[in-house]
Amino acid sequence: MSDMKKDQIRNEVRDNYKKIALKVIDHTSCCAPSCCSPDTNQNISVEEISQKMGYTVEELQNIPDGANMGLGCGNPQAIANLKEGEIVLDLGSGGGFDAFLAAPKVGATGKVIGVDMTPEMITKARRNASKNKFENVEFRLGEIEYLPVANEVADVIMSNCVINLSPDKKRVFEEAYRVLKPNGRLAISDVVMTANLPEELRTNMDLYSGCISGASSIEELTSIIEQAGFRNVSIVPKDESKEFIKEWAPDHKVEEYIVSAIIEATK
């Protein structure tokens, strides 16, 4: 894929998530999880969607208003095994949902760094951090292929349904390897492809921004992660995720082609 094409994809994705952050969404074309869920389906709330993804009621009650926009496809907190004093990096942190949940787990001696390429998301997250006095959380504007983070800083990298959006996943995992400390770990929820997408879905930009068309197969993703230098790579698909994935683009039956998965690895 050419650099021009990669930038085109990034710009399309950025524009879509800008609209989500500002809640200026064209429901006739939106296929992102958040706008195909509560806003277009009045029978289910963001909280109900998040519970289906594995978040507890208690977790959902302890985050700032507006941080949860229903954008994920799982709960990386459940696999991250965060410890007091750790440095956590959240790739594609959005409104700060997972970063805010991680903050009390790493405590005052730890730190959570969220990185997102959409300025409007960063503004939203920083405002929530300031308003709610999260002193061990910061948000940085940047692309996950070019992380604004020094070498060997993080103990844990989390991400929730974001890496599929990158047109250069090889670069993402190379950067993840660079910024992790030795023995640092990945704790990622993302979608994987279980069957080849038809051409009309694979080339649909709305579906790409909606965490569908950019999914990789388990075999391809495993190879990319291992080539970046990681060991103990584990990708476990969650078939139960089809229950909420089918709502993302009901007319296309995308649950026949993708599922959410737990992705873990160690540097």
# chains A, B, ... in the order shown; residues from 1 in each chain; ligands from 1
>>> select_by_dssp(residues="range 57-244 of chain A", states="strand (DSSP E or B)", output="number ranges by chain")
A: 87-91, 111-116, 137-141, 143, 146, 154-160, 180-193, 216-217, 231-238
>>> select_by_dssp(residues="range 25-177 of chain A", states="helix (DSSP H, G or I)", output="number ranges by chain")
A: 33-36, 46-52, 57-61, 77-80, 97-106, 119-131, 163-165, 169-177
>>> residues_around(residues="Val254 in chain A", least_positions_apart="4", cutoff="9 Å", atoms="only C-alpha atoms", output="compact mmCIF listing (two decimals) with N, CA and C atoms, in the first residue's frame")
# COMPACT_ATOMS: atom_id res chain seq x y z
N LEU A 197 -13.25 -11.29 3.60
CA LEU A 197 -14.30 -10.31 3.32
C LEU A 197 -14.57 -10.22 1.83
N LEU A 201 -17.20 -5.32 0.67
CA LEU A 201 -17.00 -4.93 2.06
C LEU A 201 -15.57 -4.48 2.32
N ILE A 212 -14.22 -2.79 10.63
CA ILE A 212 -14.61 -4.02 9.93
C ILE A 212 -13.61 -4.36 8.81
N LYS A 242 -20.03 -11.90 18.45
CA LYS A 242 -20.90 -11.75 17.29
C LYS A 242 -22.24 -11.12 17.66
N ILE A 245 -21.38 -7.44 17.45
CA ILE A 245 -20.80 -7.07 16.15
C ILE A 245 -21.86 -7.03 15.05
N LYS A 246 -22.86 -7.90 15.15
CA LYS A 246 -23.91 -7.92 14.12
C LYS A 246 -24.68 -6.62 14.07
N GLU A 247 -24.61 -5.82 15.15
CA GLU A 247 -25.31 -4.53 15.18
C GLU A 247 -24.51 -3.43 14.49
N TRP A 248 -23.23 -3.66 14.23
CA TRP A 248 -22.39 -2.61 13.66
C TRP A 248 -22.81 -2.23 12.25
N ALA A 249 -23.16 -3.22 11.46
CA ALA A 249 -23.59 -2.97 10.08
C ALA A 249 -24.56 -4.09 9.69
N PRO A 250 -25.79 -4.03 10.22
CA PRO A 250 -26.75 -5.14 10.08
C PRO A 250 -27.01 -5.58 8.64
N ILE A 258 -16.00 -11.36 10.87
CA ILE A 258 -15.09 -10.88 11.91
C ILE A 258 -15.65 -11.19 13.30
N VAL A 259 -14.72 -11.33 14.26
CA VAL A 259 -15.09 -11.45 15.67
C VAL A 259 -14.07 -10.66 16.47
>>> closest_residue(among="A:Asp65, A:Asp239, A:Asp15, A:Asp90", to="Ile163 in chain A", atoms="only C-alpha atoms")
A:Asp90
>>> closest_residue(among="A:Asp206, A:Glu138, A:Glu174, A:Asp7", to="Ile225 in chain A", atoms="only C-alpha atoms")
A:Glu174
>>> residues_around(residues="Gly142 in chain A", least_positions_apart="3", cutoff="10 Å", atoms="only C-alpha atoms", output="list in words")
Leu91, Gly92, Gly114, Val115, Asp116, Met117, Thr118, Pro119, Ile122, Phe139, Glu145, Tyr146, Leu147, Pro148 and Val149 of chain A
>>> closest_residue(among="A:Ala265, A:Gly85, A:Leu101, A:Thr194", to="Thr56 in chain A", atoms="only C-alpha atoms")
A:Leu101
>>> residues_around(residues="Asp155 in chain A", least_positions_apart="2", cutoff="10 Å", atoms="only C-alpha atoms", output="PyMOL selection string")
chain A and resi 82-83+85-89+152-153+157+179-186+267
>>> write_last_selection(atoms="C-alpha atoms", output="compact mmCIF listing (two decimals), in the first residue's frame")
# COMPACT_ATOMS: atom_id res chain seq x y z
CA LEU A 82 -2.35 -4.04 35.98
CA LYS A 83 -0.20 -3.49 39.05
CA GLY A 85 3.32 1.64 39.91
CA GLU A 86 3.14 0.43 36.32
CA ILE A 87 3.27 2.70 33.26
CA VAL A 88 0.40 1.95 30.88
CA LEU A 89 0.14 3.12 27.29
CA GLU A 152 11.32 1.39 26.80
CA VAL A 153 8.87 3.48 28.83
CA ILE A 157 0.27 -1.52 26.18
CA VAL A 179 8.29 1.72 23.69
CA LEU A 180 7.78 -1.34 25.91
CA LYS A 181 10.26 -2.18 28.63
CA PRO A 182 11.92 -5.62 28.50
CA ASN A 183 9.29 -8.18 29.56
CA GLY A 184 6.58 -5.59 28.89
CA ARG A 185 3.31 -6.96 27.63
CA LEU A 186 0.47 -6.38 25.19
CA LYS A 267 8.60 -8.31 24.76
